[in-house]
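K.L.:
Dropping in run.cif, which is mmCIF, N, CA and C atoms:
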```cif
data_data
loop_
_atom_site.label_atom_id
_atom_site.label_comp_id
_atom_site.auth_asym_id
_atom_site.auth_seq_id
_atom_site.Cartn_x
_atom_site.Cartn_y
_atom_site.Cartn_z
N MET O 189 0.82 -1.20 0.00
CA MET O 189 0.00 0.00 0.00
C MET O 189 0.86 1.26 0.00
N LEU O 190 2.01 1.19 0.67
CA LEU O 190 2.90 2.34 0.67
C LEU O 190 3.44 2.61 -0.73
N VAL O 191 3.86 1.56 -1.40
CA VAL O 191 4.38 1.72 -2.76
C VAL O 191 3.28 2.24 -3.67
N ASP O 192 2.11 1.63 -3.62
CA ASP O 192 0.99 2.06 -4.46
C ASP O 192 0.59 3.50 -4.18
N GLY O 193 0.79 3.95 -2.93
CA GLY O 193 0.45 5.30 -2.55
C GLY O 193 1.53 6.33 -2.86
N GLY O 194 2.64 5.89 -3.43
CA GLY O 194 3.72 6.81 -3.77
C GLY O 194 4.52 7.30 -2.57
N VAL O 195 4.46 6.58 -1.46
CA VAL O 195 5.18 6.96 -0.24
C VAL O 195 6.66 6.66 -0.41
N ARG O 196 7.49 7.62 -0.04
CA ARG O 196 8.94 7.42 -0.05
C ARG O 196 9.35 6.83 1.30
N PHE O 197 9.95 5.64 1.25
CA PHE O 197 10.37 4.95 2.47
C PHE O 197 11.49 3.97 2.13
N VAL O 198 12.15 3.50 3.18
CA VAL O 198 13.18 2.48 3.06
C VAL O 198 12.78 1.33 3.97
N LEU O 199 12.79 0.12 3.42
CA LEU O 199 12.53 -1.08 4.21
C LEU O 199 13.77 -1.39 5.03
N ILE O 200 13.58 -1.61 6.34
CA ILE O 200 14.69 -1.93 7.24
C ILE O 200 14.27 -3.12 8.11
N GLY O 201 15.05 -3.42 9.12
CA GLY O 201 14.67 -4.41 10.11
C GLY O 201 14.65 -5.84 9.59
N GLY O 202 13.83 -6.66 10.24
CA GLY O 202 13.77 -8.08 9.93
C GLY O 202 13.31 -8.37 8.52
N ALA O 203 12.37 -7.59 8.00
CA ALA O 203 11.91 -7.81 6.62
C ALA O 203 13.04 -7.53 5.64
N ALA O 204 13.84 -6.50 5.89
CA ALA O 204 14.99 -6.22 5.03
C ALA O 204 16.00 -7.36 5.14
N ALA O 205 16.21 -7.88 6.34
CA ALA O 205 17.13 -9.01 6.52
C ALA O 205 16.65 -10.21 5.71
N MET O 206 15.34 -10.47 5.71
CA MET O 206 14.79 -11.58 4.93
C MET O 206 15.02 -11.36 3.44
N VAL O 207 14.88 -10.12 2.97
CA VAL O 207 15.12 -9.81 1.57
C VAL O 207 16.55 -10.17 1.19
N HIS O 208 17.48 -9.95 2.11
CA HIS O 208 18.89 -10.25 1.85
C HIS O 208 19.22 -11.72 2.03
N GLY O 209 18.26 -12.52 2.49
CA GLY O 209 18.49 -13.96 2.60
C GLY O 209 18.50 -14.52 4.00
N ALA O 210 18.24 -13.69 5.00
CA ALA O 210 18.23 -14.18 6.39
C ALA O 210 17.07 -15.15 6.60
N ALA O 211 17.30 -16.13 7.45
CA ALA O 211 16.29 -17.16 7.71
C ALA O 211 15.34 -16.77 8.83
N ARG O 212 15.69 -15.78 9.64
CA ARG O 212 14.84 -15.39 10.76
C ARG O 212 13.54 -14.78 10.28
N LEU O 213 12.45 -15.22 10.87
CA LEU O 213 11.15 -14.66 10.54
C LEU O 213 10.90 -13.44 11.40
N THR O 214 10.15 -12.51 10.87
CA THR O 214 9.78 -11.32 11.63
C THR O 214 8.27 -11.18 11.60
N GLN O 215 7.72 -10.61 12.62
CA GLN O 215 6.28 -10.44 12.72
C GLN O 215 5.81 -9.07 12.28
N ASP O 216 6.76 -8.14 12.07
CA ASP O 216 6.36 -6.79 11.71
C ASP O 216 7.15 -6.31 10.50
N VAL O 217 6.76 -5.16 10.00
CA VAL O 217 7.48 -4.49 8.93
C VAL O 217 7.96 -3.16 9.49
N ASP O 218 9.25 -2.89 9.29
CA ASP O 218 9.85 -1.65 9.77
C ASP O 218 10.27 -0.82 8.56
N VAL O 219 9.88 0.44 8.55
CA VAL O 219 10.27 1.34 7.48
C VAL O 219 10.70 2.68 8.07
N VAL O 220 11.66 3.30 7.39
CA VAL O 220 12.01 4.69 7.68
C VAL O 220 11.38 5.50 6.55
N TYR O 221 10.56 6.47 6.94
CA TYR O 221 9.79 7.23 5.95
C TYR O 221 10.34 8.65 5.83
N ASP O 222 10.19 9.20 4.62
CA ASP O 222 10.58 10.58 4.35
C ASP O 222 9.60 11.51 5.05
N ARG O 223 10.11 12.48 5.80
CA ARG O 223 9.26 13.36 6.60
C ARG O 223 8.89 14.66 5.88
N GLU O 224 9.14 14.76 4.59
CA GLU O 224 8.69 15.94 3.85
C GLU O 224 7.17 15.96 3.79
N SER O 225 6.60 17.14 3.81
CA SER O 225 5.15 17.33 3.93
C SER O 225 4.32 16.50 2.96
N GLU O 226 4.68 16.55 1.68
CA GLU O 226 3.86 15.82 0.70
C GLU O 226 3.94 14.31 0.93
N ASN O 227 5.05 13.83 1.44
CA ASN O 227 5.16 12.40 1.73
C ASN O 227 4.33 12.02 2.95
N LEU O 228 4.26 12.91 3.93
CA LEU O 228 3.42 12.64 5.10
C LEU O 228 1.96 12.52 4.68
N GLU O 229 1.55 13.37 3.75
CA GLU O 229 0.17 13.30 3.24
C GLU O 229 -0.07 11.96 2.56
N ARG O 230 0.85 11.55 1.69
CA ARG O 230 0.70 10.26 0.99
C ARG O 230 0.70 9.11 1.98
N LEU O 231 1.53 9.20 3.01
CA LEU O 231 1.61 8.15 4.03
C LEU O 231 0.29 8.02 4.78
N ALA O 232 -0.26 9.12 5.22
CA ALA O 232 -1.53 9.09 5.95
C ALA O 232 -2.66 8.52 5.09
N VAL O 233 -2.71 8.94 3.83
CA VAL O 233 -3.76 8.45 2.92
C VAL O 233 -3.58 6.95 2.65
N ALA O 234 -2.34 6.51 2.42
CA ALA O 234 -2.08 5.11 2.11
C ALA O 234 -2.45 4.18 3.26
N LEU O 235 -2.22 4.65 4.49
CA LEU O 235 -2.46 3.78 5.65
C LEU O 235 -3.89 3.85 6.18
N ALA O 236 -4.63 4.87 5.83
CA ALA O 236 -5.99 5.05 6.37
C ALA O 236 -6.87 3.80 6.25
N PRO O 237 -6.88 3.12 5.10
CA PRO O 237 -7.74 1.93 4.99
C PRO O 237 -7.33 0.78 5.92
N LEU O 238 -6.12 0.83 6.43
CA LEU O 238 -5.62 -0.24 7.31
C LEU O 238 -5.93 0.01 8.78
N GLU O 239 -6.61 1.11 9.07
CA GLU O 239 -7.00 1.46 10.44
C GLU O 239 -5.83 1.37 11.43
N PRO O 240 -4.76 2.13 11.17
CA PRO O 240 -3.60 2.07 12.06
C PRO O 240 -3.94 2.57 13.47
N TYR O 241 -3.41 1.86 14.45
CA TYR O 241 -3.62 2.21 15.85
C TYR O 241 -2.32 1.94 16.60
N LEU O 242 -2.04 2.73 17.61
CA LEU O 242 -0.82 2.55 18.38
C LEU O 242 -0.78 1.18 19.02
N ARG O 243 0.35 0.51 18.90
CA ARG O 243 0.53 -0.82 19.48
C ARG O 243 0.92 -0.69 20.95
N ASP O 244 0.44 -1.61 21.75
CA ASP O 244 0.79 -1.68 23.17
C ASP O 244 0.35 -0.47 23.99
N VAL O 245 -0.80 0.08 23.64
CA VAL O 245 -1.42 1.14 24.44
C VAL O 245 -2.81 0.67 24.84
N PRO O 246 -3.39 1.26 25.86
CA PRO O 246 -4.73 0.84 26.27
C PRO O 246 -5.75 1.04 25.14
N ALA O 247 -6.64 0.07 25.00
CA ALA O 247 -7.70 0.17 23.99
C ALA O 247 -8.55 1.40 24.26
N GLY O 248 -9.00 2.04 23.22
CA GLY O 248 -9.87 3.19 23.36
C GLY O 248 -9.14 4.51 23.44
N LEU O 249 -7.81 4.49 23.51
CA LEU O 249 -7.05 5.74 23.54
C LEU O 249 -7.27 6.46 22.20
N PRO O 250 -7.69 7.72 22.23
CA PRO O 250 -7.93 8.43 20.97
C PRO O 250 -6.64 8.53 20.15
N PHE O 251 -6.72 8.11 18.89
CA PHE O 251 -5.56 8.16 18.00
C PHE O 251 -6.03 8.22 16.56
N GLN O 252 -5.46 9.13 15.80
CA GLN O 252 -5.72 9.21 14.37
C GLN O 252 -4.39 9.48 13.69
N LEU O 253 -4.02 8.60 12.78
CA LEU O 253 -2.78 8.80 12.04
C LEU O 253 -3.07 9.70 10.84
N ASP O 254 -2.80 10.98 11.03
CA ASP O 254 -2.99 11.95 9.96
C ASP O 254 -1.73 12.79 9.85
N VAL O 255 -1.72 13.74 8.96
CA VAL O 255 -0.52 14.55 8.73
C VAL O 255 -0.10 15.28 10.00
N ALA O 256 -1.05 15.84 10.73
CA ALA O 256 -0.71 16.56 11.96
C ALA O 256 -0.04 15.63 12.97
N THR O 257 -0.55 14.43 13.11
CA THR O 257 0.05 13.46 14.04
C THR O 257 1.46 13.10 13.58
N LEU O 258 1.62 12.85 12.29
CA LEU O 258 2.93 12.50 11.76
C LEU O 258 3.93 13.65 11.93
N GLU O 259 3.46 14.88 11.77
CA GLU O 259 4.35 16.04 11.94
C GLU O 259 4.79 16.19 13.40
N ARG O 260 3.90 15.90 14.33
CA ARG O 260 4.22 16.07 15.76
C ARG O 260 5.01 14.91 16.33
N GLY O 261 4.93 13.75 15.69
CA GLY O 261 5.63 12.57 16.18
C GLY O 261 6.83 12.26 15.31
N LEU O 262 7.47 11.15 15.59
CA LEU O 262 8.63 10.73 14.81
C LEU O 262 8.55 9.24 14.51
N ASN O 263 8.50 8.45 15.57
CA ASN O 263 8.45 7.00 15.43
C ASN O 263 7.13 6.47 15.97
N PHE O 264 6.49 5.62 15.19
CA PHE O 264 5.18 5.08 15.56
C PHE O 264 5.20 3.56 15.43
N THR O 265 4.87 2.86 16.50
CA THR O 265 4.69 1.42 16.43
C THR O 265 3.19 1.18 16.35
N LEU O 266 2.77 0.60 15.21
CA LEU O 266 1.35 0.51 14.91
C LEU O 266 0.88 -0.92 14.74
N THR O 267 -0.38 -1.10 15.01
CA THR O 267 -1.11 -2.29 14.63
C THR O 267 -1.98 -1.87 13.46
N THR O 268 -2.01 -2.68 12.41
CA THR O 268 -2.85 -2.37 11.25
C THR O 268 -3.66 -3.62 10.88
N ALA O 269 -4.58 -3.45 9.97
CA ALA O 269 -5.40 -4.57 9.50
C ALA O 269 -4.55 -5.64 8.82
N LEU O 270 -3.34 -5.28 8.38
CA LEU O 270 -2.44 -6.25 7.74
C LEU O 270 -1.34 -6.72 8.67
N GLY O 271 -1.29 -6.21 9.89
CA GLY O 271 -0.26 -6.63 10.84
C GLY O 271 0.53 -5.46 11.38
N PRO O 272 1.52 -5.76 12.22
CA PRO O 272 2.32 -4.72 12.86
C PRO O 272 3.20 -3.95 11.85
N LEU O 273 3.25 -2.64 12.03
CA LEU O 273 4.05 -1.77 11.19
C LEU O 273 4.74 -0.75 12.09
N ASP O 274 6.06 -0.64 11.94
CA ASP O 274 6.81 0.39 12.66
C ASP O 274 7.20 1.46 11.66
N LEU O 275 6.67 2.67 11.86
CA LEU O 275 7.00 3.83 11.04
C LEU O 275 8.05 4.63 11.79
N LEU O 276 9.21 4.73 11.22
CA LEU O 276 10.32 5.38 11.90
C LEU O 276 10.79 6.59 11.12
N GLY O 277 10.83 7.73 11.80
CA GLY O 277 11.32 8.95 11.18
C GLY O 277 12.83 8.98 11.09
N GLU O 278 13.48 8.28 12.01
CA GLU O 278 14.93 8.11 11.96
C GLU O 278 15.30 6.95 12.86
N ILE O 279 16.49 6.40 12.61
CA ILE O 279 16.96 5.27 13.41
C ILE O 279 18.37 5.52 13.90
N THR O 280 18.68 4.97 15.05
CA THR O 280 20.03 5.01 15.60
C THR O 280 20.96 4.25 14.66
N GLY O 281 22.09 4.83 14.39
CA GLY O 281 23.06 4.16 13.53
C GLY O 281 22.78 4.32 12.05
N GLY O 282 21.78 5.11 11.70
CA GLY O 282 21.46 5.28 10.29
C GLY O 282 20.94 6.65 9.95
N GLY O 283 20.14 7.22 10.85
CA GLY O 283 19.62 8.56 10.63
C GLY O 283 18.25 8.57 9.98
N THR O 284 18.01 9.58 9.17
CA THR O 284 16.71 9.82 8.54
C THR O 284 16.63 9.13 7.18
N TYR O 285 15.48 9.25 6.55
CA TYR O 285 15.29 8.73 5.20
C TYR O 285 16.37 9.29 4.27
N ALA O 286 16.61 10.59 4.32
CA ALA O 286 17.60 11.21 3.43
C ALA O 286 19.00 10.63 3.69
N ASP O 287 19.32 10.36 4.96
CA ASP O 287 20.61 9.77 5.30
C ASP O 287 20.72 8.34 4.78
N LEU O 288 19.64 7.59 4.93
CA LEU O 288 19.65 6.18 4.56
C LEU O 288 19.54 5.94 3.06
N ARG O 289 18.92 6.85 2.36
CA ARG O 289 18.61 6.66 0.93
C ARG O 289 19.83 6.25 0.12
N ARG O 290 20.97 6.81 0.44
CA ARG O 290 22.18 6.49 -0.32
C ARG O 290 22.77 5.12 0.04
N HIS O 291 22.18 4.48 1.06
CA HIS O 291 22.63 3.14 1.47
C HIS O 291 21.55 2.10 1.20
N THR O 292 20.85 2.28 0.09
CA THR O 292 19.76 1.37 -0.24
C THR O 292 20.01 0.71 -1.59
N ILE O 293 19.25 -0.34 -1.80
CA ILE O 293 19.20 -0.98 -3.10
C ILE O 293 17.73 -1.03 -3.51
N GLU O 294 17.49 -1.02 -4.81
CA GLU O 294 16.11 -1.19 -5.26
C GLU O 294 15.91 -2.68 -5.49
N ILE O 295 14.82 -3.20 -4.93
CA ILE O 295 14.54 -4.63 -5.01
C ILE O 295 13.10 -4.85 -5.46
N GLU O 296 12.84 -6.07 -5.87
CA GLU O 296 11.47 -6.49 -6.06
C GLU O 296 11.21 -7.51 -4.96
N ALA O 297 10.27 -7.19 -4.11
CA ALA O 297 9.91 -8.08 -3.00
C ALA O 297 8.44 -7.91 -2.71
N PHE O 298 7.83 -8.96 -2.27
CA PHE O 298 6.43 -8.90 -1.91
C PHE O 298 5.58 -8.40 -3.08
N GLY O 299 6.07 -8.64 -4.32
CA GLY O 299 5.31 -8.27 -5.51
C GLY O 299 5.42 -6.82 -5.93
N VAL O 300 6.30 -6.05 -5.31
CA VAL O 300 6.46 -4.63 -5.67
C VAL O 300 7.95 -4.26 -5.70
N HIS O 301 8.24 -3.14 -6.35
CA HIS O 301 9.60 -2.59 -6.35
C HIS O 301 9.69 -1.57 -5.22
N LEU O 302 10.75 -1.68 -4.41
CA LEU O 302 10.93 -0.75 -3.30
C LEU O 302 12.39 -0.61 -2.94
N ARG O 303 12.67 0.36 -2.10
CA ARG O 303 14.03 0.60 -1.62
C ARG O 303 14.22 -0.16 -0.31
N CYS O 304 15.34 -0.86 -0.22
CA CYS O 304 15.67 -1.66 0.96
C CYS O 304 17.07 -1.27 1.42
N LEU O 305 17.25 -1.18 2.71
CA LEU O 305 18.56 -0.86 3.25
C LEU O 305 19.57 -1.91 2.79
N ASP O 306 20.73 -1.47 2.31
CA ASP O 306 21.72 -2.45 1.87
C ASP O 306 22.29 -3.19 3.08
N LEU O 307 22.94 -4.30 2.82
CA LEU O 307 23.37 -5.19 3.90
C LEU O 307 24.37 -4.54 4.86
N PRO O 308 25.40 -3.84 4.40
CA PRO O 308 26.31 -3.20 5.36
C PRO O 308 25.60 -2.19 6.27
N ALA O 309 24.69 -1.39 5.70
CA ALA O 309 23.97 -0.40 6.51
C ALA O 309 23.00 -1.07 7.47
N LEU O 310 22.39 -2.19 7.04
CA LEU O 310 21.50 -2.93 7.92
C LEU O 310 22.26 -3.49 9.11
N ILE O 311 23.43 -4.04 8.87
CA ILE O 311 24.26 -4.57 9.96
C ILE O 311 24.64 -3.44 10.91
N LYS O 312 25.04 -2.31 10.36
CA LYS O 312 25.40 -1.15 11.20
C LYS O 312 24.23 -0.70 12.06
N ALA O 313 23.04 -0.63 11.47
CA ALA O 313 21.85 -0.19 12.21
C ALA O 313 21.49 -1.19 13.31
N LYS O 314 21.59 -2.48 13.02
CA LYS O 314 21.28 -3.49 14.03
C LYS O 314 22.29 -3.43 15.17
N ARG O 315 23.55 -3.22 14.84
CA ARG O 315 24.58 -3.11 15.88
C ARG O 315 24.31 -1.88 16.76
N ALA O 316 23.93 -0.77 16.14
CA ALA O 316 23.67 0.46 16.88
C ALA O 316 22.42 0.32 17.76
N ALA O 317 21.41 -0.40 17.28
CA ALA O 317 20.20 -0.59 18.07
C ALA O 317 20.53 -1.36 19.34
N GLY O 318 21.39 -2.35 19.23
CA GLY O 318 21.91 -3.04 20.41
C GLY O 318 20.93 -3.94 21.15
N ARG O 319 19.75 -4.15 20.60
CA ARG O 319 18.79 -5.04 21.27
C ARG O 319 19.28 -6.47 21.11
N PRO O 320 18.99 -7.34 22.08
CA PRO O 320 19.45 -8.73 21.96
C PRO O 320 19.06 -9.38 20.64
N LYS O 321 17.84 -9.18 20.17
CA LYS O 321 17.43 -9.82 18.91
C LYS O 321 18.22 -9.28 17.72
N ASP O 322 18.60 -8.01 17.77
CA ASP O 322 19.41 -7.44 16.69
C ASP O 322 20.83 -8.00 16.73
N LEU O 323 21.40 -8.07 17.92
CA LEU O 323 22.75 -8.59 18.06
C LEU O 323 22.84 -10.05 17.64
N GLU O 324 21.79 -10.82 17.91
CA GLU O 324 21.76 -12.22 17.49
C GLU O 324 21.72 -12.34 15.97
N ALA O 325 21.07 -11.41 15.31
CA ALA O 325 20.91 -11.47 13.85
C ALA O 325 22.18 -11.08 13.10
N ILE O 326 23.08 -10.33 13.74
CA ILE O 326 24.25 -9.80 13.06
C ILE O 326 25.15 -10.90 12.50
N ALA O 327 25.37 -11.98 13.25
CA ALA O 327 26.26 -13.04 12.77
C ALA O 327 25.75 -13.62 11.45
N GLU O 328 24.44 -13.86 11.36
CA GLU O 328 23.88 -14.40 10.12
C GLU O 328 24.03 -13.39 8.98
N LEU O 329 23.75 -12.12 9.27
CA LEU O 329 23.85 -11.10 8.23
C LEU O 329 25.28 -10.92 7.74
N GLU O 330 26.25 -11.01 8.66
CA GLU O 330 27.65 -10.90 8.26
C GLU O 330 28.07 -12.09 7.40
N ALA O 331 27.55 -13.28 7.72
CA ALA O 331 27.85 -14.46 6.89
C ALA O 331 27.27 -14.28 5.49
N ILE O 332 26.08 -13.74 5.39
CA ILE O 332 25.47 -13.48 4.08
C ILE O 332 26.30 -12.46 3.32
N LEU O 333 26.78 -11.43 4.01
CA LEU O 333 27.59 -10.40 3.37
C LEU O 333 28.89 -11.00 2.82
N GLU O 334 29.51 -11.91 3.56
CA GLU O 334 30.75 -12.54 3.11
C GLU O 334 30.54 -13.37 1.86
N GLU O 335 29.35 -14.01 1.76
CA GLU O 335 29.06 -14.81 0.57
C GLU O 335 28.94 -13.92 -0.64
#
```
Can you dump the structure from the file as structure tokens?
P.N.:
Amino acid sequence: MLVDGGVRFVLIGGAAAMVHGAARLTQDVDVVYDRESENLERLAVALAPLEPYLRDVPAGLPFQLDVATLERGLNFTLTTALGPLDLLGEITGGGTYADLRRHTIEIEAFGVHLRCLDLPALIKAKRAAGRPKDLEAIAELEAILEE
């Protein structure tokens, strides 16, 4: 839906690792999105049919993912009708969409063409995040890079 909506974003995280050949399954999709105004509009419109709602918050908390919300926030962990989605305005070890864009490759995955973080930048971002699950994934990603 993001691609069809013309949203500028980079696929990162576990889904990007899978694109590069990692065997680990992920339950969510992580993207770093361009925070320019027109892209925020496209992002809000593209996600509206999926009824995005903040993940891990009490039910009934008022929330609407619109341009104003996107402008005031940065990173959003969402539940959608298609599953978990993490919208990230920037990431540790990588920066913003503009910073990451030069470290991407264009791929065909999931039936669409999109930008995916390249393997060296993905490893760097996972190392910077420092979460146990990221650190565990680095060895596999480095082995893929060596191949």
K.L.:
Given only C-alpha atoms as the basis, pick out the residue of O:Leu288, O:Ala269, O:Leu242, O:Ala317 nearest to Arg303 of chain O.
P.N.:
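Of O:Leu288, O:Ala269, O:Leu242, O:Ala317, the one nearest Arg303 of chain O is O:Leu288, counting only C-alpha atoms.
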K.L.:
Among segment 241-327 of chain O, which ones does DSSP assign to strand (DSSP E or B) (computed from the backbone)? Answer as an MDAnalysis selection string.
P.N.:
chainID O and resid 241:242 263:268 271:276 278:279 283:284 292:297 300:305
K.L.:
Determine, counting only C-alpha atoms, which protein, DNA and RNA residues have an atom within 12 Å of an atom of Gly202 of chain O; residues of the same chain fewer than 3 positions away are not included. Present the result as a compact mmCIF listing (two decimals) with N, CA and C atoms, in the frame of the given file.
P.N.:
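Below you can see out31.txt, which holds the result:
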```
# COMPACT_ATOMS: atom_id res chain seq x y z
N LEU O 199 12.79 0.12 3.42
CA LEU O 199 12.53 -1.08 4.21
C LEU O 199 13.77 -1.39 5.03
N ALA O 205 16.21 -7.88 6.34
CA ALA O 205 17.13 -9.01 6.52
C ALA O 205 16.65 -10.21 5.71
N MET O 206 15.34 -10.47 5.71
CA MET O 206 14.79 -11.58 4.93
C MET O 206 15.02 -11.36 3.44
N VAL O 207 14.88 -10.12 2.97
CA VAL O 207 15.12 -9.81 1.57
C VAL O 207 16.55 -10.17 1.19
N HIS O 208 17.48 -9.95 2.11
CA HIS O 208 18.89 -10.25 1.85
C HIS O 208 19.22 -11.72 2.03
N GLY O 209 18.26 -12.52 2.49
CA GLY O 209 18.49 -13.96 2.60
C GLY O 209 18.50 -14.52 4.00
N ALA O 210 18.24 -13.69 5.00
CA ALA O 210 18.23 -14.18 6.39
C ALA O 210 17.07 -15.15 6.60
N ALA O 211 17.30 -16.13 7.45
CA ALA O 211 16.29 -17.16 7.71
C ALA O 211 15.34 -16.77 8.83
N ARG O 212 15.69 -15.78 9.64
CA ARG O 212 14.84 -15.39 10.76
C ARG O 212 13.54 -14.78 10.28
N LEU O 213 12.45 -15.22 10.87
CA LEU O 213 11.15 -14.66 10.54
C LEU O 213 10.90 -13.44 11.40
N THR O 214 10.15 -12.51 10.87
CA THR O 214 9.78 -11.32 11.63
C THR O 214 8.27 -11.18 11.60
N GLN O 215 7.72 -10.61 12.62
CA GLN O 215 6.28 -10.44 12.72
C GLN O 215 5.81 -9.07 12.28
N ASP O 216 6.76 -8.14 12.07
CA ASP O 216 6.36 -6.79 11.71
C ASP O 216 7.15 -6.31 10.50
N VAL O 217 6.76 -5.16 10.00
CA VAL O 217 7.48 -4.49 8.93
C VAL O 217 7.96 -3.16 9.49
N ASP O 218 9.25 -2.89 9.29
CA ASP O 218 9.85 -1.65 9.77
C ASP O 218 10.27 -0.82 8.56
N VAL O 219 9.88 0.44 8.55
CA VAL O 219 10.27 1.34 7.48
C VAL O 219 10.70 2.68 8.07
N LEU O 273 3.25 -2.64 12.03
CA LEU O 273 4.05 -1.77 11.19
C LEU O 273 4.74 -0.75 12.09
N ASP O 274 6.06 -0.64 11.94
CA ASP O 274 6.81 0.39 12.66
C ASP O 274 7.20 1.46 11.66
N CYS O 304 15.34 -0.86 -0.22
CA CYS O 304 15.67 -1.66 0.96
C CYS O 304 17.07 -1.27 1.42
N LEU O 305 17.25 -1.18 2.71
CA LEU O 305 18.56 -0.86 3.25
C LEU O 305 19.57 -1.91 2.79
N LEU O 307 22.94 -4.30 2.82
CA LEU O 307 23.37 -5.19 3.90
C LEU O 307 24.37 -4.54 4.86
N LEU O 310 22.39 -2.19 7.04
CA LEU O 310 21.50 -2.93 7.92
C LEU O 310 22.26 -3.49 9.11
N ILE O 311 23.43 -4.04 8.87
CA ILE O 311 24.26 -4.57 9.96
C ILE O 311 24.64 -3.44 10.91
N ALA O 313 23.04 -0.63 11.47
CA ALA O 313 21.85 -0.19 12.21
C ALA O 313 21.49 -1.19 13.31
N LYS O 314 21.59 -2.48 13.02
CA LYS O 314 21.28 -3.49 14.03
C LYS O 314 22.29 -3.43 15.17
N LYS O 321 17.84 -9.18 20.17
CA LYS O 321 17.43 -9.82 18.91
C LYS O 321 18.22 -9.28 17.72
N ASP O 322 18.60 -8.01 17.77
CA ASP O 322 19.41 -7.44 16.69
C ASP O 322 20.83 -8.00 16.73
N GLU O 324 21.79 -10.82 17.91
CA GLU O 324 21.76 -12.22 17.49
C GLU O 324 21.72 -12.34 15.97
N ALA O 325 21.07 -11.41 15.31
CA ALA O 325 20.91 -11.47 13.85
C ALA O 325 22.18 -11.08 13.10
N ILE O 326 23.08 -10.33 13.74
CA ILE O 326 24.25 -9.80 13.06
C ILE O 326 25.15 -10.90 12.50
N GLU O 328 24.44 -13.86 11.36
CA GLU O 328 23.88 -14.40 10.12
C GLU O 328 24.03 -13.39 8.98
N LEU O 329 23.75 -12.12 9.27
CA LEU O 329 23.85 -11.10 8.23
C LEU O 329 25.28 -10.92 7.74
```
K.L.:
Would you list, as an NGL selection string, the residues of chain O that end up in helix (DSSP H, G or I) under DSSP run on this structure's backbone?
P.N.:
:O and (201-207 or 225-238 or 255-260 or 285-289 or 307-317 or 320-334)
K.L.:
State, in Å with one decimal place, the distance from atom CA of Leu275 of chain O to atom CA of Gly299 of chain O.
P.N.:
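About the pair atom CA of Leu275 of chain O and atom CA of Gly299 of chain O: they are 20.6 Å apart.
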K.L.:
From the block I gave, I'd like segment 190-212 of chain O written with C-alpha atoms, as a CSV table (one decimal), in the first residue's frame.
P.N.:
```
chain,number,residue,atom,x,y,z
O,190,LEU,CA,2.9,2.3,0.7
O,191,VAL,CA,4.4,1.7,-2.8
O,192,ASP,CA,1.0,2.1,-4.5
O,193,GLY,CA,0.4,5.3,-2.6
O,194,GLY,CA,3.7,6.8,-3.8
O,195,VAL,CA,5.2,7.0,-0.2
O,196,ARG,CA,8.9,7.4,0.0
O,197,PHE,CA,10.4,5.0,2.5
O,198,VAL,CA,13.2,2.5,3.1
O,199,LEU,CA,12.5,-1.1,4.2
O,200,ILE,CA,14.7,-1.9,7.2
O,201,GLY,CA,14.7,-4.4,10.1
O,202,GLY,CA,13.8,-8.1,9.9
O,203,ALA,CA,11.9,-7.8,6.6
O,204,ALA,CA,15.0,-6.2,5.0
O,205,ALA,CA,17.1,-9.0,6.5
O,206,MET,CA,14.8,-11.6,4.9
O,207,VAL,CA,15.1,-9.8,1.6
O,208,HIS,CA,18.9,-10.2,1.9
O,209,GLY,CA,18.5,-14.0,2.6
O,210,ALA,CA,18.2,-14.2,6.4
O,211,ALA,CA,16.3,-17.2,7.7
O,212,ARG,CA,14.8,-15.4,10.8
```
